[in-house]
Structure formats: structure tokens, C-alpha cells
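> Structure file work_39.csv (CSV, C-alpha atoms) is given on the next line.
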```csv
chain,number,residue,atom,x,y,z
A,13,MET,CA,144.5,-16.2,-204.2
A,14,SER,CA,140.7,-15.5,-204.4
A,15,THR,CA,140.1,-18.1,-207.0
A,16,PRO,CA,141.3,-21.1,-205.0
A,17,ARG,CA,139.3,-20.0,-202.0
A,18,ALA,CA,136.1,-19.6,-204.1
A,19,ALA,CA,136.7,-23.0,-205.6
A,20,SER,CA,137.2,-24.6,-202.2
A,21,ALA,CA,134.0,-23.0,-200.9
A,22,ALA,CA,131.9,-24.7,-203.6
A,23,PRO,CA,130.3,-27.8,-202.2
A,24,MET,CA,131.6,-31.1,-203.7
A,25,PRO,CA,129.0,-33.0,-205.6
A,26,TYR,CA,127.8,-36.3,-204.2
A,27,PRO,CA,129.0,-39.5,-206.0
A,28,ARG,CA,126.6,-40.0,-208.9
A,29,PRO,CA,125.2,-43.3,-207.5
A,30,LEU,CA,124.4,-41.6,-204.2
A,31,ALA,CA,122.9,-38.6,-206.0
A,32,LEU,CA,120.7,-40.8,-208.1
A,33,LEU,CA,119.6,-42.9,-205.1
A,34,LEU,CA,118.7,-39.8,-203.1
A,35,MET,CA,116.8,-38.3,-206.0
A,36,GLY,CA,114.9,-41.5,-206.5
A,37,GLY,CA,114.0,-41.4,-202.9
A,38,LEU,CA,112.8,-37.8,-203.1
A,39,ALA,CA,110.7,-38.7,-206.2
A,40,THR,CA,109.1,-41.5,-204.2
A,41,LEU,CA,108.3,-39.0,-201.4
A,42,PHE,CA,106.7,-36.7,-203.9
A,43,ALA,CA,104.6,-39.6,-205.3
A,44,ALA,CA,103.6,-40.6,-201.7
A,45,ASN,CA,102.4,-37.0,-201.2
A,46,HIS,CA,100.0,-37.4,-204.1
A,47,VAL,CA,98.8,-40.8,-203.0
A,48,ALA,CA,98.2,-39.4,-199.5
A,49,ALA,CA,96.3,-36.5,-201.1
A,50,ARG,CA,94.0,-39.0,-202.9
A,51,VAL,CA,93.3,-40.7,-199.5
A,52,ALA,CA,92.5,-37.4,-198.0
A,53,PHE,CA,90.2,-36.4,-200.9
A,54,ASP,CA,88.4,-39.7,-200.8
A,55,GLU,CA,87.5,-38.9,-197.1
A,56,GLY,CA,86.1,-35.5,-197.9
A,57,THR,CA,89.1,-33.2,-197.5
A,58,GLY,CA,88.9,-30.0,-199.4
A,59,LEU,CA,91.3,-29.2,-202.2
A,60,LEU,CA,92.3,-25.8,-200.8
A,61,LEU,CA,92.8,-27.2,-197.3
A,62,ALA,CA,95.2,-29.8,-198.7
A,63,ILE,CA,97.3,-27.1,-200.5
A,64,LEU,CA,97.3,-24.9,-197.5
A,65,VAL,CA,98.7,-27.7,-195.3
A,66,ARG,CA,101.3,-28.6,-197.9
A,67,SER,CA,102.4,-25.0,-198.6
A,68,GLY,CA,102.3,-24.0,-194.9
A,69,VAL,CA,104.6,-26.8,-193.8
A,70,ALA,CA,107.0,-26.1,-196.7
A,71,LEU,CA,106.9,-22.4,-196.0
A,72,ALA,CA,107.8,-22.9,-192.3
A,73,ILE,CA,110.8,-24.9,-193.3
A,74,LEU,CA,111.9,-22.4,-195.9
A,75,ALA,CA,111.5,-19.5,-193.4
A,76,VAL,CA,113.9,-21.4,-191.0
A,77,LEU,CA,116.4,-21.9,-193.8
A,78,VAL,CA,116.3,-18.2,-194.7
A,79,ALA,CA,116.7,-17.2,-191.1
A,80,VAL,CA,119.7,-19.6,-190.6
A,81,GLN,CA,121.4,-18.5,-193.8
A,82,ARG,CA,120.6,-14.8,-193.0
A,83,LYS,CA,119.4,-14.1,-196.6
A,84,ARG,CA,118.3,-10.6,-197.5
A,85,LEU,CA,114.6,-10.3,-198.2
A,86,ALA,CA,114.9,-7.8,-201.0
A,87,LEU,CA,114.0,-8.3,-204.7
A,88,PRO,CA,116.0,-6.7,-207.5
A,89,PRO,CA,114.3,-3.8,-209.2
A,90,GLY,CA,111.6,-4.8,-211.8
A,91,THR,CA,111.3,-8.4,-210.6
A,92,ARG,CA,108.3,-8.1,-208.2
A,93,PRO,CA,105.6,-8.5,-210.7
A,94,TRP,CA,107.3,-11.5,-212.2
A,95,GLN,CA,107.8,-13.1,-208.8
A,96,LEU,CA,104.1,-12.6,-208.0
A,97,ALA,CA,103.2,-14.2,-211.3
A,98,VAL,CA,105.4,-17.2,-210.5
A,99,GLY,CA,103.7,-17.6,-207.2
A,100,LEU,CA,100.2,-17.4,-208.7
A,101,LEU,CA,101.1,-19.9,-211.4
A,102,VAL,CA,102.4,-22.4,-208.9
A,103,ALA,CA,99.2,-21.9,-206.9
A,104,VAL,CA,97.2,-22.7,-210.1
A,105,GLN,CA,99.5,-25.7,-210.8
A,106,SER,CA,98.9,-27.0,-207.3
A,107,LEU,CA,95.2,-26.7,-207.5
A,108,CYS,CA,95.0,-28.3,-210.9
A,109,LEU,CA,97.3,-31.2,-210.1
A,110,TYR,CA,95.4,-32.0,-206.9
A,111,SER,CA,92.1,-31.7,-208.8
A,112,ALA,CA,93.4,-34.2,-211.3
A,113,VAL,CA,94.6,-36.6,-208.5
A,114,ALA,CA,91.1,-36.4,-207.0
A,115,ARG,CA,89.5,-37.5,-210.3
A,116,ILE,CA,91.8,-40.0,-212.1
A,117,PRO,CA,94.4,-42.5,-211.0
A,118,VAL,CA,97.4,-40.8,-209.4
A,119,VAL,CA,99.9,-42.3,-211.9
A,120,VAL,CA,97.9,-41.0,-214.8
A,121,ALA,CA,97.8,-37.5,-213.3
A,122,LEU,CA,101.5,-37.5,-212.8
A,123,LEU,CA,102.1,-38.8,-216.3
A,124,LEU,CA,100.1,-35.8,-217.6
A,125,MET,CA,102.1,-33.5,-215.4
A,126,ASN,CA,105.3,-35.0,-217.0
A,127,THR,CA,104.3,-33.5,-220.3
A,128,LEU,CA,106.1,-30.5,-218.8
A,129,PRO,CA,109.3,-30.9,-220.9
A,130,ILE,CA,107.2,-30.8,-224.1
A,131,GLN,CA,105.2,-27.8,-223.1
A,132,LEU,CA,108.2,-25.9,-221.8
A,133,ALA,CA,110.1,-26.6,-225.0
A,134,LEU,CA,107.2,-25.4,-227.2
A,135,LEU,CA,106.6,-22.3,-225.0
A,136,THR,CA,110.3,-21.4,-225.1
A,137,TRP,CA,110.2,-21.7,-228.9
A,138,ALA,CA,107.0,-19.7,-229.2
A,139,LEU,CA,108.5,-16.9,-227.1
A,140,GLY,CA,111.6,-16.6,-229.3
A,141,GLY,CA,113.8,-19.3,-228.0
A,142,PRO,CA,115.5,-22.1,-229.9
A,143,ARG,CA,113.3,-24.4,-232.0
A,144,PRO,CA,113.3,-28.1,-230.8
A,145,THR,CA,115.6,-30.3,-232.7
A,146,LEU,CA,114.3,-33.0,-235.0
A,147,ARG,CA,115.5,-35.6,-232.4
A,148,ALA,CA,113.6,-33.8,-229.6
A,149,ALA,CA,110.5,-33.5,-231.8
A,150,LEU,CA,110.5,-37.2,-232.5
A,151,ILE,CA,110.9,-38.1,-228.8
A,152,MET,CA,108.1,-35.7,-228.0
A,153,GLY,CA,105.9,-37.5,-230.5
A,154,VAL,CA,106.7,-40.9,-228.9
A,155,ILE,CA,105.8,-39.5,-225.5
A,156,LEU,CA,102.4,-38.3,-226.9
A,157,VAL,CA,101.8,-41.7,-228.4
A,158,GLY,CA,102.5,-43.2,-225.0
A,159,LEU,CA,100.0,-40.8,-223.4
A,160,VAL,CA,97.3,-41.8,-225.9
A,161,VAL,CA,97.9,-45.4,-224.8
A,162,VAL,CA,98.0,-44.8,-221.1
A,163,LEU,CA,94.9,-42.6,-221.2
A,164,ASP,CA,93.1,-45.3,-223.2
A,165,VAL,CA,91.8,-42.7,-225.6
A,166,PRO,CA,90.2,-45.3,-228.0
A,167,ALA,CA,88.2,-46.7,-225.2
A,168,TRP,CA,87.0,-43.3,-224.1
A,169,LEU,CA,86.0,-42.4,-227.7
A,170,ALA,CA,84.0,-45.7,-227.9
A,171,GLY,CA,82.2,-45.2,-224.6
A,172,PRO,CA,82.9,-42.0,-222.6
A,173,ASP,CA,80.6,-43.0,-219.8
A,174,ALA,CA,82.7,-46.2,-219.1
A,175,MET,CA,85.7,-44.0,-218.0
A,176,GLY,CA,83.7,-42.3,-215.3
A,177,PRO,CA,82.3,-38.7,-215.0
A,178,GLY,CA,85.6,-37.2,-213.8
A,179,TRP,CA,87.9,-38.6,-216.5
A,180,LEU,CA,87.8,-35.8,-219.0
A,181,ALA,CA,88.0,-33.1,-216.2
A,182,GLY,CA,90.9,-35.0,-214.6
A,183,VAL,CA,92.9,-35.1,-217.8
A,184,ALA,CA,92.2,-31.4,-218.5
A,185,PHE,CA,93.4,-30.5,-215.0
A,186,GLY,CA,96.6,-32.6,-215.4
A,187,LEU,CA,97.5,-30.9,-218.6
A,188,ALA,CA,96.7,-27.5,-217.2
A,189,ALA,CA,99.0,-28.2,-214.2
A,190,ALA,CA,101.8,-28.9,-216.6
A,191,SER,CA,101.0,-25.7,-218.6
A,192,ALA,CA,101.0,-23.5,-215.5
A,193,PHE,CA,104.2,-24.9,-214.2
A,194,SER,CA,106.0,-24.6,-217.6
A,195,CYS,CA,105.0,-20.9,-217.6
A,196,ALA,CA,106.4,-20.5,-214.1
A,197,LEU,CA,109.7,-22.2,-215.1
A,198,TRP,CA,110.0,-19.9,-218.2
A,199,ILE,CA,109.5,-16.8,-216.1
A,200,THR,CA,112.0,-18.1,-213.5
A,201,GLU,CA,114.6,-18.7,-216.1
A,202,HIS,CA,114.1,-15.6,-218.2
A,203,ARG,CA,112.9,-12.9,-215.7
A,204,LEU,CA,114.0,-14.0,-212.2
A,205,ALA,CA,117.6,-15.1,-212.9
A,206,GLU,CA,118.9,-12.4,-210.5
A,207,VAL,CA,116.7,-13.5,-207.6
A,208,GLY,CA,118.4,-16.0,-205.2
A,209,SER,CA,116.8,-19.5,-205.2
A,210,THR,CA,116.2,-19.4,-201.5
A,211,LEU,CA,114.3,-16.1,-201.6
A,212,ARG,CA,112.5,-17.0,-204.8
A,213,THR,CA,111.2,-20.3,-203.4
A,214,LEU,CA,110.2,-18.7,-200.1
A,215,LEU,CA,108.2,-16.0,-201.8
A,216,THR,CA,106.6,-18.5,-204.2
A,217,MET,CA,105.4,-20.6,-201.3
A,218,PHE,CA,104.2,-17.5,-199.4
A,219,THR,CA,102.2,-16.4,-202.5
A,220,VAL,CA,100.6,-19.9,-202.8
A,221,LEU,CA,99.6,-19.9,-199.2
A,222,VAL,CA,98.1,-16.4,-199.4
A,223,ALA,CA,96.3,-17.2,-202.7
A,224,MET,CA,94.7,-20.3,-201.1
A,225,LEU,CA,93.7,-18.4,-198.0
A,226,VAL,CA,92.0,-15.8,-200.2
A,227,ALA,CA,90.3,-18.4,-202.3
A,228,GLY,CA,89.1,-20.2,-199.2
A,229,GLY,CA,87.8,-17.0,-197.6
A,230,LEU,CA,85.9,-16.0,-200.8
A,231,GLY,CA,84.5,-19.5,-201.3
A,232,LEU,CA,85.8,-19.7,-204.8
A,233,VAL,CA,86.1,-23.5,-204.6
A,234,PRO,CA,83.0,-25.1,-203.1
A,235,GLY,CA,84.0,-27.4,-200.3
A,236,GLY,CA,87.6,-26.4,-200.7
A,237,MET,CA,88.2,-25.9,-197.0
A,238,ALA,CA,86.2,-29.0,-195.9
A,239,LEU,CA,87.8,-31.1,-193.1
A,240,PRO,CA,88.4,-34.8,-193.4
A,241,ALA,CA,85.4,-36.9,-192.4
A,242,SER,CA,87.4,-39.8,-190.9
A,243,ALA,CA,90.6,-40.8,-189.3
A,244,PRO,CA,92.1,-42.0,-192.6
A,245,GLY,CA,91.4,-38.6,-194.0
A,246,TRP,CA,93.3,-36.9,-191.3
A,247,VAL,CA,96.2,-39.3,-191.7
A,248,GLY,CA,96.2,-38.6,-195.4
A,249,LEU,CA,96.2,-34.9,-194.8
A,250,ALA,CA,99.1,-35.1,-192.4
A,251,ALA,CA,101.0,-37.4,-194.6
A,252,LEU,CA,100.7,-35.2,-197.7
A,253,GLY,CA,102.0,-32.2,-195.8
A,254,LEU,CA,104.9,-34.2,-194.2
A,255,CYS,CA,105.9,-36.0,-197.4
A,256,TYR,CA,106.0,-32.9,-199.5
A,257,ALA,CA,107.8,-30.8,-196.8
A,258,VAL,CA,110.5,-33.4,-196.2
A,259,ALA,CA,111.0,-34.0,-200.0
A,260,PHE,CA,110.9,-30.3,-200.9
A,261,SER,CA,113.3,-29.2,-198.1
A,262,THR,CA,115.7,-32.1,-198.6
A,263,LEU,CA,115.8,-31.4,-202.4
A,264,PHE,CA,116.3,-27.7,-201.7
A,265,ILE,CA,119.1,-28.2,-199.2
A,266,CYS,CA,121.0,-30.9,-201.2
A,267,VAL,CA,120.5,-29.3,-204.7
A,268,PRO,CA,124.1,-27.7,-204.8
A,269,ARG,CA,125.5,-31.3,-204.4
A,270,LEU,CA,123.2,-33.2,-206.7
A,271,ASP,CA,124.6,-32.1,-210.0
A,272,MET,CA,121.1,-31.5,-211.3
A,273,ALA,CA,122.3,-30.8,-214.9
A,274,ARG,CA,123.2,-34.5,-215.2
A,275,ASN,CA,120.9,-36.2,-212.7
A,276,ALA,CA,117.5,-34.3,-212.9
A,277,PRO,CA,115.9,-37.0,-215.1
A,278,ALA,CA,116.1,-39.3,-212.1
A,279,MET,CA,113.1,-37.4,-210.7
A,280,ASN,CA,111.0,-38.9,-213.4
A,281,MET,CA,110.8,-42.0,-211.3
A,282,GLU,CA,107.8,-40.3,-209.6
A,283,PRO,CA,105.1,-41.8,-211.8
A,284,VAL,CA,106.7,-45.3,-211.4
A,285,ALA,CA,106.6,-44.8,-207.6
A,286,ALA,CA,103.0,-43.5,-207.8
A,287,LEU,CA,102.0,-46.6,-209.8
A,288,VAL,CA,103.4,-48.9,-207.1
A,289,LEU,CA,102.0,-46.9,-204.1
A,290,GLY,CA,98.7,-46.4,-205.9
A,291,TYR,CA,98.3,-50.1,-206.3
A,292,LEU,CA,99.4,-51.0,-202.7
A,293,ILE,CA,97.5,-48.2,-200.9
A,294,LEU,CA,94.6,-47.3,-203.2
A,295,GLY,CA,94.1,-50.4,-205.2
A,296,GLN,CA,94.5,-48.4,-208.4
A,297,ALA,CA,95.8,-50.6,-211.2
A,298,LEU,CA,96.4,-49.9,-214.9
A,299,THR,CA,95.7,-52.5,-217.7
A,300,PRO,CA,98.8,-54.1,-219.3
A,301,VAL,CA,98.3,-51.9,-222.4
A,302,GLN,CA,98.2,-48.7,-220.1
A,303,LEU,CA,101.3,-49.9,-218.3
A,304,ALA,CA,103.1,-50.2,-221.7
A,305,GLY,CA,102.0,-46.7,-222.5
A,306,GLY,CA,103.2,-45.4,-219.2
A,307,GLY,CA,106.6,-47.1,-219.8
A,308,ILE,CA,106.8,-45.4,-223.2
A,309,VAL,CA,106.1,-42.0,-221.5
A,310,VAL,CA,108.7,-42.4,-218.8
A,311,ALA,CA,111.3,-43.8,-221.2
A,312,GLY,CA,110.7,-40.9,-223.6
A,313,ILE,CA,111.0,-38.3,-220.8
A,314,LEU,CA,114.3,-39.9,-219.6
A,315,VAL,CA,115.8,-39.9,-223.1
A,316,LEU,CA,114.7,-36.3,-223.6
A,317,GLY,CA,116.2,-35.3,-220.3
A,318,PHE,CA,119.5,-37.0,-220.8
A,319,SER,CA,119.8,-35.9,-224.4
A,320,ARG,CA,120.2,-32.3,-223.2
A,321,ARG,CA,122.9,-33.1,-220.7
A,322,ALA,CA,126.5,-34.3,-220.8
```
Go ahead and express the file in the form of C-alpha cells.


Amino acid sequence: MSTPRAASAAPMPYPRPLALLLMGGLATLFAANHVAARVAFDEGTGLLLAILVRSGVALAILAVLVAVQRKRLALPPGTRPWQLAVGLLVAVQSLCLYSAVARIPVVVALLLMNTLPIQLALLTWALGGPRPTLRAALIMGVILVGLVVVLDVPAWLAGPDAMGPGWLAGVAFGLAAASAFSCALWITEHRLAEVGSTLRTLLTMFTVLVAMLVAGGLGLVPGGMALPASAPGWVGLAALGLCYAVAFSTLFICVPRLDMARNAPAMNMEPVAALVLGYLILGQALTPVQLAGGGIVVAGILVLGFSRRA
């Protein structure tokens, strides 16, 4: 009799069109968070302050969820160092991604972040996991070609100064963000499988918040705690916290009904949404060749994602 009760207790997945529509909306909110961050940074907002606002609002929502669900705040033996490592890696990822957004067009930063599937596959292989299949390797190669196009590497090699002083640093920060997050995902999958998702996410956000407070107190990032210099900067700061918190909490609440194994690639709409929002709000526009490269990257990531799922 216990099996039918357990089956009935499992939440029914949303119809796939609804799930895809919801995930596309969440991807748009995440993109809006990054566009709002660029508005805030352009008005003098510090990087650490932006991450503090984003993490603080998300942490408050998660704390309410944990209280409502009456989750136990206890980690299984041997998982504390790994949980701390994940929190610190996500803090590094947040700092690197926002640093990239502050230097290069938002859509380019997010396309660099979307090298995550490639980096995670290679990391898993390096640490003893399965080797990427020939099909996956070919798709990864196509994605990298698309990145070369969207980054306009030939133009940079011909005249580095034409791309602006922050271009190279922005690209490096974008790739570093993906690397940090791929490491966090590997640890989560292979070392924190016994930790509940609610508790793991709460502790991760708490670690990010504490790490940013320590960094701000020690002055590790010059100007990192600077306040916005104008009303648009304050609006951008508030919007980045609100967009991230709403998207993050909604995704977290709905994840049992989204059938992530089939529908996760829909989240790769984020760079597309960033391209539109960046153009409408920031006036950032890519050349036709770069747009083609971005299309190659997004298409490759979608094919790579769906090829692993039923």
C-alpha cells in the first residue's frame, strides 16, 4: 500500500508547453538581472555590493522556504568541507560573471558563461568520468567556433585597442565564471548527493553572502562596496536583486514539476533575452557576423543539452 501513496505524493509535472514557457520566462528574468547589473555598474555601483544585494534577497526567500518546509539544518558527516567549497566557488562565479558584465556586452558575457556544458564535460572526464562521445566533441567544437565568431577574435588580433581596454579581462572573467560554476556542479553531483537541495542551496547562498561581506570589510575589491551615484543606479541595483530573487525562488519552488531532465536546455534562452534587453535598455548591439556566431553557440548548446535527454 505504501507504493501507491508514495506515487500519489509525487508532484505531477507541468504540461511540457507550460514548463518550457515558464523556463523561458525565468531565463528572461535572469537575463534582466544581468542587464540591470550593467546599469548599476555604469552608475558607479560596486561589484561586491551588487552580489550582496542579490544574495541577500535570495537568502531571505530561501530561509522562509526552509522554515515553512521545516527542513533540518544538519549536514551528513563528511560533507561540510565540500559544502563550503561549493559556496566559495559560487561566490567566485558571481564575482567573475558580474566583472565580465561590467566590461563587455551582457550577451557576450552570458555566451561565455554558457561554455559551462563543455567545461563540465571535460572536468568530469579529467576526474575519472566518462569520456565525451564523438558526437558531443563535434558539437563542442562547433560551439567554440561560434564563440570565436561572436568574440570577433580576428578583429581583436588585428587591433586589440579597437575592442576597448576591458575586452580581454571581460572575456577572461566570463570563462572563469563558467569554470568556477562547473567545479561547483561537479562537487554537488559527486560529493553532496546526500544533502537536500533546499539545505544545500540555502547554505550556498549564506556562504556567498558571508564571503562578500568579508571581502568588502577587508577591501579586497577596490570600490566593491561603492553606492550608486544616481537614481538609475539605484533602480538597477534594486532590479538586479528583485529579478534574481524572483527567478531563483520560482525556479526552486517549481523544479519538481518542470521535468528538468527534458526541459533544462530551455534555460539557454538567457543569452537571446540578454541580446534583446541589452539592445533595448543599454543600446548594446552585435554585428551581423557576431549575431551569427551567437546563434551557432546557442544552437550548439541546445543540441548538446537535448542529445543527453530522452

> Report the closest atom pair, with its distance in Å rounded to one decimal, for each residue of range 44-120 of chain A that has an atom no farther than 10 Å from range 246-259 of chain A; count all atoms listed in the file, sort by chain and then rising residue number, and write it as CSV.


```
residue,atom,partner,partner_atom,distance
A:Ala44,CA,A:Cys255,CA,6.7
A:Asn45,CA,A:Leu252,CA,4.3
A:His46,CA,A:Leu252,CA,6.8
A:Val47,CA,A:Leu252,CA,7.9
A:Ala48,CA,A:Gly248,CA,4.6
A:Ala49,CA,A:Leu252,CA,5.7
A:Arg50,CA,A:Gly248,CA,7.8
A:Val51,CA,A:Gly248,CA,5.4
A:Ala52,CA,A:Gly248,CA,4.7
A:Phe53,CA,A:Gly248,CA,8.4
A:Asp54,CA,A:Gly248,CA,9.6
A:Glu55,CA,A:Trp246,CA,8.4
A:Gly56,CA,A:Trp246,CA,9.9
A:Thr57,CA,A:Leu249,CA,7.8
A:Gly58,CA,A:Leu249,CA,9.9
A:Leu61,CA,A:Leu249,CA,8.8
A:Ala62,CA,A:Leu249,CA,6.5
A:Ile63,CA,A:Gly253,CA,8.4
A:Leu64,CA,A:Gly253,CA,8.8
A:Val65,CA,A:Gly253,CA,5.6
A:Arg66,CA,A:Gly253,CA,4.2
A:Ser67,CA,A:Gly253,CA,7.7
A:Gly68,CA,A:Gly253,CA,8.3
A:Val69,CA,A:Ala257,CA,5.9
A:Ala70,CA,A:Ala257,CA,4.8
A:Leu71,CA,A:Ala257,CA,8.5
A:Ala72,CA,A:Ala257,CA,9.1
A:Ile73,CA,A:Ala257,CA,7.5
A:Leu74,CA,A:Ala257,CA,9.4
```

> Residues at most 12 Å from Lys83 in chain A, counting only C-alpha atoms, excluding those fewer than 3 positions away in the same chain, as a PyMOL selection string?

chain A and resi 74-80+86-87+207-212+214

> Could you save those same residues with C-alpha atoms as a PDB file, in the coordinates of the input?


```pdb
ATOM      1  CA  LEU A  74     111.900 -22.400-195.900  1.00  0.00           C
ATOM      2  CA  ALA A  75     111.500 -19.500-193.400  1.00  0.00           C
ATOM      3  CA  VAL A  76     113.900 -21.400-191.000  1.00  0.00           C
ATOM      4  CA  LEU A  77     116.400 -21.900-193.800  1.00  0.00           C
ATOM      5  CA  VAL A  78     116.300 -18.200-194.700  1.00  0.00           C
ATOM      6  CA  ALA A  79     116.700 -17.200-191.100  1.00  0.00           C
ATOM      7  CA  VAL A  80     119.700 -19.600-190.600  1.00  0.00           C
ATOM      8  CA  ALA A  86     114.900  -7.800-201.000  1.00  0.00           C
ATOM      9  CA  LEU A  87     114.000  -8.300-204.700  1.00  0.00           C
ATOM     10  CA  VAL A 207     116.700 -13.500-207.600  1.00  0.00           C
ATOM     11  CA  GLY A 208     118.400 -16.000-205.200  1.00  0.00           C
ATOM     12  CA  SER A 209     116.800 -19.500-205.200  1.00  0.00           C
ATOM     13  CA  THR A 210     116.200 -19.400-201.500  1.00  0.00           C
ATOM     14  CA  LEU A 211     114.300 -16.100-201.600  1.00  0.00           C
ATOM     15  CA  ARG A 212     112.500 -17.000-204.800  1.00  0.00           C
ATOM     16  CA  LEU A 214     110.200 -18.700-200.100  1.00  0.00           C
TER      17      LEU A 214
END
```

> Which is closest to Ala304 in chain A among A:Ala138, A:Ile199, A:Val162, A:Ala241, if we use only C-alpha atoms?

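Nearest candidate to Ala304 in chain A out of A:Ala138, A:Ile199, A:Val162, A:Ala241: A:Val162.
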
> Extract, using only C-alpha atoms, all DNA, RNA and protein residues at most 12 Å from Val102 in chain A, discarding same-chain residues fewer than 5 positions from it, and format them as a PyMOL selection string.

chain A and resi 63+67+95-97+107-109+188-197+199-200+213+215-221+223-224

> Write out as a list of chain:residue names the residues lying within 9 Å of range 23-35 of chain A, counting all atoms listed in the file and excluding same-chain residues fewer than 6 positions away.

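In the requested form, the answer reads A:Leu263, A:Pro268, A:Arg269, A:Leu270, A:Asp271, A:Asn275, A:Ala276, A:Ala278, A:Met279, A:Met281.
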
> Write the residues of the selection above to a file with C-alpha atoms, as a PDB file, in the frame of the given file.


```pdb
ATOM      1  CA  LEU A 263     115.800 -31.400-202.400  1.00  0.00           C
ATOM      2  CA  PRO A 268     124.100 -27.700-204.800  1.00  0.00           C
ATOM      3  CA  ARG A 269     125.500 -31.300-204.400  1.00  0.00           C
ATOM      4  CA  LEU A 270     123.200 -33.200-206.700  1.00  0.00           C
ATOM      5  CA  ASP A 271     124.600 -32.100-210.000  1.00  0.00           C
ATOM      6  CA  ASN A 275     120.900 -36.200-212.700  1.00  0.00           C
ATOM      7  CA  ALA A 276     117.500 -34.300-212.900  1.00  0.00           C
ATOM      8  CA  ALA A 278     116.100 -39.300-212.100  1.00  0.00           C
ATOM      9  CA  MET A 279     113.100 -37.400-210.700  1.00  0.00           C
ATOM     10  CA  MET A 281     110.800 -42.000-211.300  1.00  0.00           C
TER      11      MET A 281
END
```

> Could you tell me which of A:Val104, A:Ile293, A:Leu85, A:Ala243 comes closest to Ala227 in chain A if we count only C-alpha atoms?

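Nearest to Ala227 in chain A: A:Val104.
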
> Record the distance separating CA of Ala148 in chain A and CA of Gly312 in chain A, expressed in Å with one decimal.

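For CA of Ala148 in chain A relative to CA of Gly312 in chain A, the distance reads 9.7 Å.
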
> Have a look at A:Val98, A:Val310, A:Ile265, A:Val118 and name the one nearest to Ala286 in chain A; count only C-alpha atoms.

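For Ala286 in chain A, the nearest of the candidates is A:Val118.
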
> With distances taken over all atoms listed in the file, which of A:Leu101, A:Val113, A:Ala311, A:Leu38 is nearest to Met125 in chain A?

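When distances to Met125 in chain A are compared using all atoms listed in the file, the smallest one comes from A:Val113.
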
> Taking all atoms listed in the file into account, name the residue in A:Pro129, A:Pro93, A:Pro117, A:Gly231 that is nearest to Pro277 in chain A.

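Looking only at the distances to Pro277 in chain A, the closest residue turns out to be A:Pro129.
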
> Considering all atoms listed in the file, state which residue in the set A:Val161, A:Ala133, A:Ala297, A:Leu128 is at the smallest distance from Ile313 in chain A.

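So, comparing all the options, the nearest one is A:Leu128.
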
> Distance CA of Ile308 in chain A-CA of Val154 in chain A, one decimal place?

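Going from CA of Ile308 in chain A over to CA of Val154 in chain A, I get 7.3 Å.
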
> In Å, with one decimal, what is the gap from CA of Thr127 in chain A to CA of Cys266 in chain A?

25.5 Å
